[in-house]
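S.K.: What follows is query15.txt; its format and atoms are compact mmCIF, C-alpha atoms and all ligand atoms.
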# COMPACT_ATOMS: atom_id res chain seq x y z
CA MET A 948 55.18 2.34 31.85
CA LYS A 949 53.23 -0.17 29.88
CA LYS A 950 52.26 -3.11 32.00
CA ARG A 951 54.57 -3.33 34.89
CA PHE A 952 53.80 -5.46 37.87
CA LEU A 953 55.50 -5.21 41.20
CA SER A 954 59.18 -5.86 40.91
CA VAL A 955 58.65 -8.47 43.60
CA LEU A 956 56.72 -10.48 41.03
CA LEU A 957 59.57 -10.07 38.61
CA CYS A 958 61.91 -11.45 41.22
CA ALA A 959 59.73 -14.49 41.61
CA SER A 960 59.19 -15.06 37.91
CA MET A 961 62.85 -14.68 37.14
CA ALA A 962 64.16 -17.11 39.69
CA ALA A 963 65.54 -19.19 36.84
CA VAL A 964 67.70 -16.26 35.81
CA SER A 965 69.04 -16.09 39.34
CA LEU A 966 67.92 -12.61 40.09
CA ALA A 967 70.51 -11.21 42.43
CA ALA A 968 68.60 -8.21 43.64
CA CYS A 969 65.43 -6.33 42.94
CA SER A 970 64.48 -2.69 43.04
CA SER A 971 66.02 -0.15 45.34
CA GLY A 972 66.26 -2.61 48.18
CA ALA A 973 68.86 -4.33 46.06
CA SER A 974 71.02 -6.60 48.09
CA SER A 975 74.66 -6.30 47.27
CA SER A 976 75.36 -9.87 48.21
CA THR A 977 76.75 -10.55 44.75
CA ALA A 978 79.30 -7.80 45.07
CA THR A 979 82.46 -8.66 46.91
CA THR A 980 84.44 -5.52 46.24
CA ALA A 981 84.59 -2.83 48.90
CA ALA A 982 82.18 0.07 48.45
CA PRO A 983 83.71 2.79 46.32
CA GLN A 984 84.69 5.86 48.28
CA THR A 985 83.54 8.99 46.59
CA THR A 986 86.08 11.28 44.94
CA SER A 987 85.12 14.74 43.78
CA ALA A 988 84.97 13.64 40.11
CA GLN A 989 82.73 10.73 40.97
CA ALA A 990 80.62 12.89 43.25
CA GLU A 991 80.13 15.27 40.34
CA THR A 992 79.06 12.45 37.99
CA THR A 993 76.70 11.11 40.64
CA ALA A 994 75.26 14.57 41.32
CA LYS A 995 74.75 15.15 37.59
CA ALA A 996 73.07 11.77 37.21
CA GLU A 997 70.84 12.47 40.22
CA GLU A 998 69.84 15.82 38.74
CA THR A 999 68.96 14.27 35.36
CA THR A 1000 66.98 11.42 36.87
CA ALA A 1001 65.20 13.86 39.24
CA LYS A 1002 64.11 16.01 36.29
CA THR A 1003 62.72 12.95 34.53
CA THR A 1004 60.81 11.91 37.64
CA GLU A 1005 59.32 15.40 37.93
CA ALA A 1006 58.36 15.48 34.28
CA SER A 1007 56.64 12.11 34.20
CA GLY A 1008 55.60 11.82 37.83
CA GLU A 1009 56.90 8.26 37.69
CA LYS A 1010 60.12 6.61 38.68
CA LEU A 1011 62.66 5.72 36.03
CA VAL A 1012 62.59 1.94 35.78
CA VAL A 1013 65.75 0.27 34.47
CA GLY A 1014 66.14 -3.47 33.93
CA PHE A 1015 69.79 -4.50 33.96
CA ALA A 1016 70.95 -7.89 32.67
CA GLN A 1017 74.37 -8.44 34.24
CA ILE A 1018 76.76 -11.14 33.00
CA GLY A 1019 77.63 -12.68 36.35
CA GLN A 1020 80.39 -12.45 38.91
CA GLU A 1021 83.44 -13.58 36.96
CA SER A 1022 85.81 -10.85 38.13
CA GLY A 1023 86.50 -8.20 40.75
CA TRP A 1024 85.89 -5.63 38.00
CA ARG A 1025 82.38 -6.91 37.41
CA ASP A 1026 81.60 -7.03 41.12
CA ALA A 1027 82.64 -3.37 41.32
CA GLU A 1028 80.35 -2.49 38.40
CA THR A 1029 77.40 -4.35 39.96
CA LEU A 1030 77.96 -2.57 43.25
CA SER A 1031 78.14 0.80 41.49
CA ILE A 1032 74.78 0.16 39.78
CA GLN A 1033 73.05 -1.19 42.88
CA THR A 1034 74.42 1.54 45.13
CA TYR A 1035 73.17 4.28 42.82
CA ALA A 1036 69.73 2.64 42.69
CA SER A 1037 69.44 2.22 46.44
CA GLU A 1038 70.65 5.76 47.15
CA ASN A 1039 68.13 7.17 44.67
CA GLY A 1040 65.19 4.91 45.43
CA ASP A 1041 62.78 7.86 45.30
CA LYS A 1042 63.63 8.47 41.64
CA VAL A 1043 64.74 5.18 40.14
CA GLU A 1044 63.87 1.53 40.32
CA LEU A 1045 66.34 -1.18 39.35
CA LEU A 1046 65.39 -4.65 38.22
CA PHE A 1047 68.63 -6.60 38.34
CA ALA A 1048 69.30 -10.02 36.83
CA ASP A 1049 72.52 -12.01 37.23
CA ALA A 1050 72.83 -14.32 34.21
CA GLN A 1051 75.59 -16.49 35.64
CA GLN A 1052 77.74 -16.14 32.51
CA LYS A 1053 75.03 -17.51 30.18
CA GLN A 1054 73.72 -15.64 27.15
CA GLU A 1055 70.45 -17.59 27.27
CA ASN A 1056 69.83 -16.22 30.78
CA GLN A 1057 70.53 -12.68 29.61
CA ILE A 1058 68.05 -13.16 26.76
CA LYS A 1059 65.43 -14.49 29.22
CA ALA A 1060 66.04 -11.47 31.46
CA ILE A 1061 65.61 -9.05 28.56
CA LYS A 1062 62.37 -10.74 27.49
CA ASN A 1063 61.16 -10.46 31.07
CA PHE A 1064 62.05 -6.77 31.24
CA ILE A 1065 60.09 -6.22 28.02
CA GLU A 1066 57.16 -8.10 29.53
CA GLN A 1067 57.31 -5.88 32.62
CA GLY A 1068 57.44 -2.74 30.47
CA VAL A 1069 60.58 -1.19 31.96
CA ASP A 1070 61.60 2.23 30.62
CA VAL A 1071 65.15 1.26 29.60
CA ILE A 1072 67.10 -1.99 29.40
CA GLY A 1073 70.78 -2.13 30.30
CA LEU A 1074 72.90 -5.06 29.17
CA ALA A 1075 76.52 -6.12 29.49
CA PRO A 1076 76.54 -8.65 26.63
CA VAL A 1077 78.52 -11.73 27.65
CA VAL A 1078 79.31 -12.40 23.98
CA GLU A 1079 79.07 -10.18 20.93
CA THR A 1080 76.75 -12.14 18.62
CA GLY A 1081 73.25 -13.59 18.86
CA TRP A 1082 71.32 -10.52 20.01
CA ASP A 1083 69.42 -9.45 16.88
CA GLN A 1084 66.12 -11.10 17.67
CA VAL A 1085 65.71 -10.07 21.29
CA PHE A 1086 66.94 -6.52 20.58
CA ALA A 1087 64.35 -6.29 17.77
CA GLU A 1088 61.69 -7.34 20.29
CA ALA A 1089 62.76 -4.54 22.65
CA LYS A 1090 62.71 -2.07 19.77
CA GLU A 1091 59.25 -3.24 18.77
CA ALA A 1092 58.13 -2.62 22.38
CA GLY A 1093 59.68 0.88 22.27
CA ILE A 1094 62.28 0.14 24.96
CA PRO A 1095 65.78 1.52 24.32
CA ILE A 1096 68.81 -0.64 25.07
CA ILE A 1097 72.01 0.63 26.66
CA LEU A 1098 75.04 -1.60 26.11
CA LEU A 1099 77.20 -1.29 29.18
CA ASP A 1100 80.93 -2.15 29.16
CA ARG A 1101 80.83 -4.65 26.26
CA ARG A 1102 79.62 -4.33 22.69
CA ALA A 1103 77.07 -6.37 20.77
CA ASP A 1104 77.46 -7.10 17.07
CA VAL A 1105 74.11 -5.76 15.85
CA SER A 1106 73.07 -2.97 13.53
CA GLU A 1107 73.19 0.47 15.17
CA ASP A 1108 69.45 1.01 15.06
CA LEU A 1109 68.92 -1.87 17.50
CA TYR A 1110 70.54 -0.16 20.49
CA ALA A 1111 70.65 3.37 21.83
CA THR A 1112 74.25 3.66 22.99
CA PHE A 1113 77.38 1.82 24.10
CA ILE A 1114 78.97 3.07 27.33
CA GLY A 1115 82.47 1.67 27.70
CA SER A 1116 86.11 1.54 26.72
CA ASP A 1117 88.08 1.28 23.50
CA PHE A 1118 89.38 -2.27 23.99
CA ILE A 1119 91.64 -2.19 20.93
CA GLU A 1120 93.35 0.86 22.38
CA GLU A 1121 93.69 -0.89 25.75
CA GLY A 1122 95.40 -3.85 24.00
CA LYS A 1123 97.79 -1.49 22.23
CA MET A 1124 98.70 0.29 25.48
CA ALA A 1125 99.35 -3.09 27.10
CA ALA A 1126 101.62 -4.12 24.19
CA LYS A 1127 103.70 -0.95 24.48
CA GLU A 1128 104.12 -1.50 28.23
CA MET A 1129 105.10 -5.14 27.69
CA ALA A 1130 107.71 -4.09 25.11
CA LYS A 1131 109.20 -1.56 27.56
CA LEU A 1132 109.39 -4.20 30.29
CA LEU A 1133 111.08 -6.76 28.01
CA GLY A 1134 113.43 -4.40 26.23
CA ASP A 1135 111.64 -5.30 23.00
CA SER A 1136 112.42 -9.03 22.94
CA GLY A 1137 111.35 -12.32 24.48
CA LYS A 1138 108.72 -15.04 24.48
CA ILE A 1139 105.35 -14.18 25.99
CA VAL A 1140 102.00 -15.89 26.59
CA GLU A 1141 98.50 -14.45 26.43
CA LEU A 1142 95.52 -15.20 28.67
CA GLU A 1143 92.37 -14.36 26.75
CA GLY A 1144 89.00 -13.35 28.18
CA THR A 1145 85.68 -15.05 27.46
CA VAL A 1146 85.53 -16.46 23.92
CA GLY A 1147 83.33 -14.23 21.76
CA ALA A 1148 83.25 -11.30 24.22
CA SER A 1149 84.06 -7.94 22.63
CA ALA A 1150 86.42 -7.11 25.50
CA ALA A 1151 88.42 -10.26 24.75
CA THR A 1152 88.36 -10.13 20.94
CA ASP A 1153 89.44 -6.49 20.79
CA ARG A 1154 92.01 -6.66 23.58
CA LYS A 1155 93.64 -9.49 21.63
CA THR A 1156 93.49 -7.68 18.29
CA GLY A 1157 94.92 -4.46 19.73
CA PHE A 1158 97.76 -6.22 21.54
CA ASP A 1159 98.69 -8.78 18.87
CA ASP A 1160 98.60 -6.21 16.04
CA GLU A 1161 100.77 -3.76 17.95
CA ILE A 1162 103.33 -6.47 18.78
CA LYS A 1163 103.42 -7.66 15.17
CA ALA A 1164 103.69 -4.15 13.76
CA SER A 1165 106.24 -2.64 16.14
CA TYR A 1166 108.08 -5.31 18.14
CA PRO A 1167 109.35 -8.15 15.94
CA GLY A 1168 111.59 -9.37 18.77
CA ILE A 1169 108.59 -10.32 20.90
CA GLU A 1170 106.96 -13.66 20.18
CA ILE A 1171 103.52 -14.69 21.47
CA VAL A 1172 104.18 -18.41 21.92
CA ALA A 1173 100.78 -19.39 23.34
CA SER A 1174 97.37 -17.76 23.67
CA GLN A 1175 94.34 -19.35 25.30
CA THR A 1176 91.14 -18.35 27.09
CA GLY A 1177 90.96 -18.18 30.88
CA ASP A 1178 87.36 -16.89 30.70
CA PHE A 1179 88.21 -13.72 32.67
CA THR A 1180 88.44 -15.74 35.93
CA ARG A 1181 91.27 -16.10 38.41
CA ALA A 1182 90.84 -19.89 38.67
CA GLN A 1183 91.12 -20.44 34.93
CA GLY A 1184 93.92 -17.92 34.62
CA LYS A 1185 95.89 -20.04 37.06
CA GLU A 1186 95.03 -23.32 35.36
CA VAL A 1187 95.95 -22.11 31.87
CA MET A 1188 99.19 -20.56 33.12
CA GLU A 1189 100.16 -23.88 34.74
CA SER A 1190 99.82 -25.60 31.38
CA PHE A 1191 101.68 -22.79 29.58
CA LEU A 1192 104.57 -23.18 32.03
CA LYS A 1193 104.68 -26.93 31.45
CA SER A 1194 104.79 -26.71 27.66
CA ASN A 1195 106.89 -23.59 27.13
CA LYS A 1196 110.44 -22.91 28.25
CA ASP A 1197 111.68 -19.43 28.80
CA ILE A 1198 108.46 -17.44 29.09
CA LYS A 1199 109.40 -13.82 29.79
CA GLY A 1200 106.00 -12.18 29.97
CA VAL A 1201 102.27 -12.73 30.50
CA TYR A 1202 99.63 -10.51 28.94
CA ALA A 1203 96.23 -11.14 30.56
CA HIS A 1204 93.00 -9.61 29.25
CA ASN A 1205 92.00 -8.90 32.85
CA ASP A 1206 93.62 -8.58 36.27
CA ASP A 1207 91.85 -11.57 37.76
CA MET A 1208 93.48 -13.95 35.25
CA ALA A 1209 96.82 -12.22 35.89
CA LEU A 1210 96.39 -12.83 39.62
CA GLY A 1211 95.75 -16.52 38.88
CA ALA A 1212 98.84 -16.62 36.66
CA ILE A 1213 100.92 -15.06 39.45
CA GLU A 1214 99.94 -17.94 41.75
CA ALA A 1215 100.89 -20.49 39.08
CA ILE A 1216 104.26 -18.82 38.47
CA LYS A 1217 105.08 -18.78 42.19
CA GLU A 1218 104.10 -22.43 42.56
CA ALA A 1219 106.45 -23.23 39.67
CA GLY A 1220 109.28 -21.69 41.70
CA LEU A 1221 109.64 -18.55 39.57
CA LYS A 1222 109.29 -14.89 40.48
CA PRO A 1223 106.31 -13.09 38.90
CA GLY A 1224 107.14 -9.46 38.18
CA GLU A 1225 110.83 -10.34 37.78
CA ASP A 1226 111.46 -13.64 35.95
CA ILE A 1227 108.13 -13.26 34.15
CA LYS A 1228 106.68 -9.79 33.63
CA ILE A 1229 102.94 -9.34 34.14
CA VAL A 1230 100.79 -6.87 32.18
CA SER A 1231 96.99 -6.90 32.47
CA ILE A 1232 93.86 -4.77 32.18
CA ASP A 1233 91.21 -3.49 34.67
CA GLY A 1234 92.98 -1.84 37.62
CA VAL A 1235 91.39 -3.80 40.47
CA ARG A 1236 92.74 -3.49 43.99
CA GLY A 1237 94.31 -6.99 43.93
CA ILE A 1238 96.63 -6.14 41.04
CA PHE A 1239 97.72 -2.91 42.75
CA GLU A 1240 98.57 -4.97 45.83
CA ALA A 1241 100.51 -7.40 43.62
CA MET A 1242 102.33 -4.50 41.93
CA ALA A 1243 103.17 -2.95 45.31
CA ALA A 1244 104.59 -6.35 46.35
CA GLY A 1245 106.71 -6.48 43.17
CA GLU A 1246 104.77 -9.41 41.69
CA ALA A 1247 103.06 -7.59 38.80
CA ASN A 1248 104.29 -4.82 36.53
CA CYS A 1249 101.50 -2.91 34.84
CA THR A 1250 97.73 -2.60 34.53
CA VAL A 1251 95.64 -0.62 32.04
CA GLU A 1252 92.76 0.81 34.03
CA CYS A 1253 89.22 0.30 32.72
CA ASN A 1254 86.66 2.08 34.92
CA PRO A 1255 83.82 -0.14 36.22
CA LEU A 1256 82.04 2.56 38.27
CA LEU A 1257 79.41 3.06 35.60
CA GLY A 1258 76.23 3.09 37.73
CA PRO A 1259 75.60 6.87 37.76
CA LEU A 1260 76.27 7.15 34.00
CA LEU A 1261 73.93 4.24 33.28
CA PHE A 1262 71.02 5.89 35.08
CA GLU A 1263 71.81 9.36 33.75
CA THR A 1264 71.79 8.01 30.19
CA ALA A 1265 68.62 6.02 30.84
CA ALA A 1266 66.91 9.17 32.14
CA LYS A 1267 67.86 11.04 28.97
CA LEU A 1268 66.51 8.25 26.80
CA LYS A 1269 63.25 8.17 28.76
CA ALA A 1270 62.96 11.93 28.27
CA GLY A 1271 63.43 11.43 24.51
CA GLN A 1272 66.81 13.20 24.44
CA SER A 1273 69.52 12.06 22.06
CA VAL A 1274 72.65 10.37 23.38
CA ASP A 1275 75.95 9.64 21.65
CA LYS A 1276 76.22 6.20 20.07
CA TRP A 1277 79.44 5.63 22.04
CA VAL A 1278 80.05 7.18 25.44
CA LYS A 1279 83.73 6.38 25.74
CA SER A 1280 85.38 5.65 29.09
CA VAL A 1281 88.81 7.14 29.68
CA ASP A 1282 91.47 4.51 30.41
CA GLY A 1283 94.95 5.00 31.87
CA VAL A 1284 98.14 3.05 32.48
CA PHE A 1285 99.47 2.29 35.98
CA THR A 1286 102.92 0.82 36.50
CA ALA A 1287 104.38 -0.91 39.55
CA ASP A 1288 106.35 2.16 40.67
CA MET A 1289 103.06 4.07 41.17
CA ALA A 1290 101.26 1.24 42.98
CA ALA A 1291 102.13 1.88 46.63
CA LYS A 1292 101.29 5.57 46.31
CA VAL A 1293 97.89 5.19 44.63
CA LEU A 1294 96.77 2.03 46.45
CA PRO A 1295 95.09 3.83 49.39
CA ASP A 1296 92.90 5.83 46.98
CA ARG A 1297 91.78 2.97 44.77
CA LYS A 1298 87.99 2.76 44.68
CA TYR A 1299 87.64 -0.89 43.64
O1 LIG A 1301 87.71 -6.22 31.94
C1 LIG A 1301 86.66 -8.06 32.92
C2 LIG A 1301 85.25 -8.41 33.01
O2 LIG A 1301 83.66 -6.25 29.96
C3 LIG A 1301 85.26 -4.58 30.39
O3 LIG A 1301 84.69 -7.98 31.79
C4 LIG A 1301 84.58 -5.79 30.89
C5 LIG A 1301 85.49 -6.94 31.28
C6 LIG A 1301 86.50 -6.68 32.38
O4 LIG A 1301 84.92 -9.60 33.45
O5 LIG A 1301 87.34 -8.14 34.13
Here is a file; write its structure as structure tokens.
Ligand code: GYE

M.R.:
Amino acid sequence: MKKRFLSVLLCASMAAVSLAACSSGASSSTATTAAPQTTSAQAETTAKAEETTAKTTEASGEKLVVGFAQIGQESGWRDAETLSIQTYASENGDKVELLFADAQQKQENQIKAIKNFIEQGVDVIGLAPVVETGWDQVFAEAKEAGIPIILLDRRADVSEDLYATFIGSDFIEEGKMAAKEMAKLLGDSGKIVELEGTVGASAATDRKTGFDDEIKASYPGIEIVASQTGDFTRAQGKEVMESFLKSNKDIKGVYAHNDDMALGAIEAIKEAGLKPGEDIKIVSIDGVRGIFEAMAAGEANCTVECNPLLGPLLFETAAKLKAGQSVDKWVKSVDGVFTADMAAKVLPDRKY
């Protein structure tokens, strides 16, 4: 710890960054997703993380202090991630302290939050970068202050020495899996539209590259007739789909970079008098509860799961970094495909 004041002060000084919760008393008011139930695999990860953070506390006699600059609340996936981080912190308040900032989708707010964390002398900074570029300067400041940065769930386009590790998925691979599923659903031919995530976000750029390249390379009968951002939100997914439906005849499929936009598109399709899941096939990414419900109701066809329950891993990795241990440059999440026929069966066990 360099010069850390009470986290309460941080809360006050960061009001402009809309601090959603501070320290272990973190309120989960920003998180709308139901609390994850613990499975044995998750319990194991949590137990391992608790053990690592406990060792660090013993060694230094101080709590592990992590500042996390969250993007915002654009999707059910992100709410689940926020809840996972805040739950871990509040359940392990004797070992860890969380300073949490909600940047309301703005990079400038994330940069302000990081500068504030540096000022407070946190042990480790966690960041889900809303966009990929524009981080060099503030990351260099953290490096200069000796504070490692963990990139959580999205990448930043900076040189590797400016961050400690990236914890998250292979988005190109997710896009490819989605393309293969779309091709199966369409019997390899038809016109489709694409709902892109936030412009400049690694999760959007790579999910597009993976999907578009796979379609081009392997399925010449499938044509992407329109592709536009819906900013990873349900409202914009709906709006963009409405305009796609107006300007394109004969759309056979929708590929959405996240489930929330797919859920918005489903509403638009129904309002246009068509049947989502039948007339227009729906393939998306994330695996949130809402899309499983839609699949069980026959209104969506496939989701590529991307695990948001990253709280324990974030703190475990932060503890290692504080203890001076090395961590892999990429801690890859394992993703999987779920199709509509599995939905009803797995729905009761979904954690988010
Ligand atoms: O898929 C989307 C969210 O960065 C992997 O961000 C994450 C993405 C997730 O808003 O729903």

S.K.: Write out as a list in words the residues lying within 6 Å of range 1212-1227 of chain A, counting only C-alpha atoms and excluding same-chain residues fewer than 5 positions away.

M.R.: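 Near range 1212-1227 of chain A, the qualifying residues are Gly1184, Lys1185, Met1188, Glu1189, Lys1199, Gly1200, Gly1245, Glu1246, Ala1247 and Asn1248 of chain A.
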
S.K.: Just want the residues within 7 Å of ligand LIG 1301 (chain A), written as a VMD selection string, counting all atoms listed in the file.

M.R.: chain A and resid 1021 to 1025 1100 to 1101 1150 1179 1204 to 1207 1232 to 1233 1253

S.K.: Store the residues picked out above in a file with C-alpha atoms, as a PDB file, keeping the file's coordinate frame.

M.R.:
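Written file, result_35.pdb:
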ATOM      1  CA  GLU A1021      83.440 -13.580  36.960  1.00  0.00           C
ATOM      2  CA  SER A1022      85.810 -10.850  38.130  1.00  0.00           C
ATOM      3  CA  GLY A1023      86.500  -8.200  40.750  1.00  0.00           C
ATOM      4  CA  TRP A1024      85.890  -5.630  38.000  1.00  0.00           C
ATOM      5  CA  ARG A1025      82.380  -6.910  37.410  1.00  0.00           C
ATOM      6  CA  ASP A1100      80.930  -2.150  29.160  1.00  0.00           C
ATOM      7  CA  ARG A1101      80.830  -4.650  26.260  1.00  0.00           C
ATOM      8  CA  ALA A1150      86.420  -7.110  25.500  1.00  0.00           C
ATOM      9  CA  PHE A1179      88.210 -13.720  32.670  1.00  0.00           C
ATOM     10  CA  HIS A1204      93.000  -9.610  29.250  1.00  0.00           C
ATOM     11  CA  ASN A1205      92.000  -8.900  32.850  1.00  0.00           C
ATOM     12  CA  ASP A1206      93.620  -8.580  36.270  1.00  0.00           C
ATOM     13  CA  ASP A1207      91.850 -11.570  37.760  1.00  0.00           C
ATOM     14  CA  ILE A1232      93.860  -4.770  32.180  1.00  0.00           C
ATOM     15  CA  ASP A1233      91.210  -3.490  34.670  1.00  0.00           C
ATOM     16  CA  CYS A1253      89.220   0.300  32.720  1.00  0.00           C
TER      17      CYS A1253
END

S.K.: I'd like the contact shell of Ala1126 in chain A - 8 Å cut-off, all atoms listed in the file, skipping same-chain residues fewer than 4 positions apart - returned as a PyMOL selection string.

M.R.: chain A and resi 1122+1130+1158-1159+1161-1162

S.K.: List as a tab-separated table every residue of range 1120-1177 of chain A that is in contact with range 1078-1081 of chain A, defined as an atom at most 10 Å from one of its atoms (using all atoms listed in the file), together with the nearest atom pair and the distance in Å rounded to one decimal, sorted by chain and then rising number.

M.R.:
residue	atom	partner	partner_atom	distance
A:Thr1145	CA	A:Val1078	CA	7.7
A:Val1146	CA	A:Val1078	CA	7.4
A:Gly1147	CA	A:Val1078	CA	4.9
A:Ala1148	CA	A:Val1078	CA	4.1
A:Ser1149	CA	A:Glu1079	CA	5.7
A:Ala1150	CA	A:Val1078	CA	9.0
A:Ala1151	CA	A:Val1078	CA	9.4
A:Thr1152	CA	A:Glu1079	CA	9.3

S.K.: Can you measure CA of Gln1084 in chain A to CA of Asn1063 in chain A for me? One decimal in Å is fine.

M.R.: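 Value for the CA of Gln1084 in chain A-CA of Asn1063 in chain A distance: 14.3 Å.
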
S.K.: Could you tell me which of A:Tyr1202, A:Gly1168, A:Gly1211, A:Glu1055 comes closest to Glu1186 in chain A if we count only C-alpha atoms?

M.R.: A:Gly1211

S.K.: Skipping near chain neighbours, those fewer than 4 positions away, what residues fall within 9 Å of Phe1113 in chain A using all atoms listed in the file, listed as a short mmCIF file (atom, residue, chain, number, x, y, z; two decimals) with C-alpha atoms, in the coordinates of the input?

M.R.:
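Contents of the output file out26.cif:
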data_model
loop_
_atom_site.label_atom_id
_atom_site.label_comp_id
_atom_site.auth_asym_id
_atom_site.auth_seq_id
_atom_site.Cartn_x
_atom_site.Cartn_y
_atom_site.Cartn_z
CA ILE A 1096 68.81 -0.64 25.07
CA ILE A 1097 72.01 0.63 26.66
CA LEU A 1098 75.04 -1.60 26.11
CA LEU A 1099 77.20 -1.29 29.18
CA ASP A 1100 80.93 -2.15 29.16
CA ARG A 1101 80.83 -4.65 26.26
CA ARG A 1102 79.62 -4.33 22.69
CA ALA A 1103 77.07 -6.37 20.77
CA ASP A 1275 75.95 9.64 21.65
CA LYS A 1276 76.22 6.20 20.07
CA TRP A 1277 79.44 5.63 22.04
CA VAL A 1278 80.05 7.18 25.44
CA LYS A 1279 83.73 6.38 25.74
#

S.K.: So which residues touch Pro1167 in chain A within 10 Å, counting only C-alpha atoms, skipping near sequence neighbours fewer than 3 positions away, as a PyMOL selection string?

M.R.: chain A and resi 1135-1137+1161-1164+1170

S.K.: Given the choices A:Leu1256, A:Ala1016, A:Ala1244, A:Met1208, which gets closest to Gly1177 in chain A if the distance is worked out from only C-alpha atoms?

M.R.: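 When distances to Gly1177 in chain A are compared using only C-alpha atoms, the smallest one comes from A:Met1208.
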
S.K.: Measuring atom to atom with all atoms listed in the file, identify which of A:Ala1060, A:Ala1270, A:Phe1262, A:Arg1236 is nearest to Pro1295 in chain A.

M.R.: A:Arg1236

S.K.: Quick one: range 1176-1188 of chain A with N, CA and C atoms, as a short mmCIF file (atom, residue, chain, number, x, y, z; two decimals), in the frame of the given file?

M.R.:
data_model
loop_
_atom_site.label_atom_id
_atom_site.label_comp_id
_atom_site.auth_asym_id
_atom_site.auth_seq_id
_atom_site.Cartn_x
_atom_site.Cartn_y
_atom_site.Cartn_z
N THR A 1176 92.10 -19.02 26.20
CA THR A 1176 91.14 -18.35 27.09
C THR A 1176 91.25 -18.82 28.53
N GLY A 1177 91.07 -17.88 29.45
CA GLY A 1177 90.96 -18.18 30.88
C GLY A 1177 89.62 -17.63 31.38
N ASP A 1178 88.74 -17.29 30.42
CA ASP A 1178 87.36 -16.89 30.70
C ASP A 1178 87.23 -15.74 31.71
N PHE A 1179 88.23 -14.89 31.79
CA PHE A 1179 88.21 -13.72 32.67
C PHE A 1179 88.19 -14.09 34.16
N THR A 1180 88.48 -15.38 34.51
CA THR A 1180 88.44 -15.74 35.93
C THR A 1180 89.84 -16.06 36.47
N ARG A 1181 89.99 -15.84 37.75
CA ARG A 1181 91.27 -16.10 38.41
C ARG A 1181 91.61 -17.59 38.37
N ALA A 1182 90.60 -18.44 38.64
CA ALA A 1182 90.84 -19.89 38.67
C ALA A 1182 91.34 -20.39 37.33
N GLN A 1183 90.68 -19.95 36.25
CA GLN A 1183 91.12 -20.44 34.93
C GLN A 1183 92.41 -19.78 34.47
N GLY A 1184 92.64 -18.56 34.92
CA GLY A 1184 93.92 -17.92 34.62
C GLY A 1184 95.06 -18.74 35.19
N LYS A 1185 94.86 -19.24 36.39
CA LYS A 1185 95.89 -20.04 37.06
C LYS A 1185 96.10 -21.37 36.31
N GLU A 1186 94.97 -22.01 36.03
CA GLU A 1186 95.03 -23.32 35.36
C GLU A 1186 95.75 -23.24 34.00
N VAL A 1187 95.36 -22.24 33.21
CA VAL A 1187 95.95 -22.11 31.87
C VAL A 1187 97.44 -21.77 31.99
N MET A 1188 97.78 -20.93 32.95
CA MET A 1188 99.19 -20.56 33.12
C MET A 1188 100.02 -21.78 33.52
#
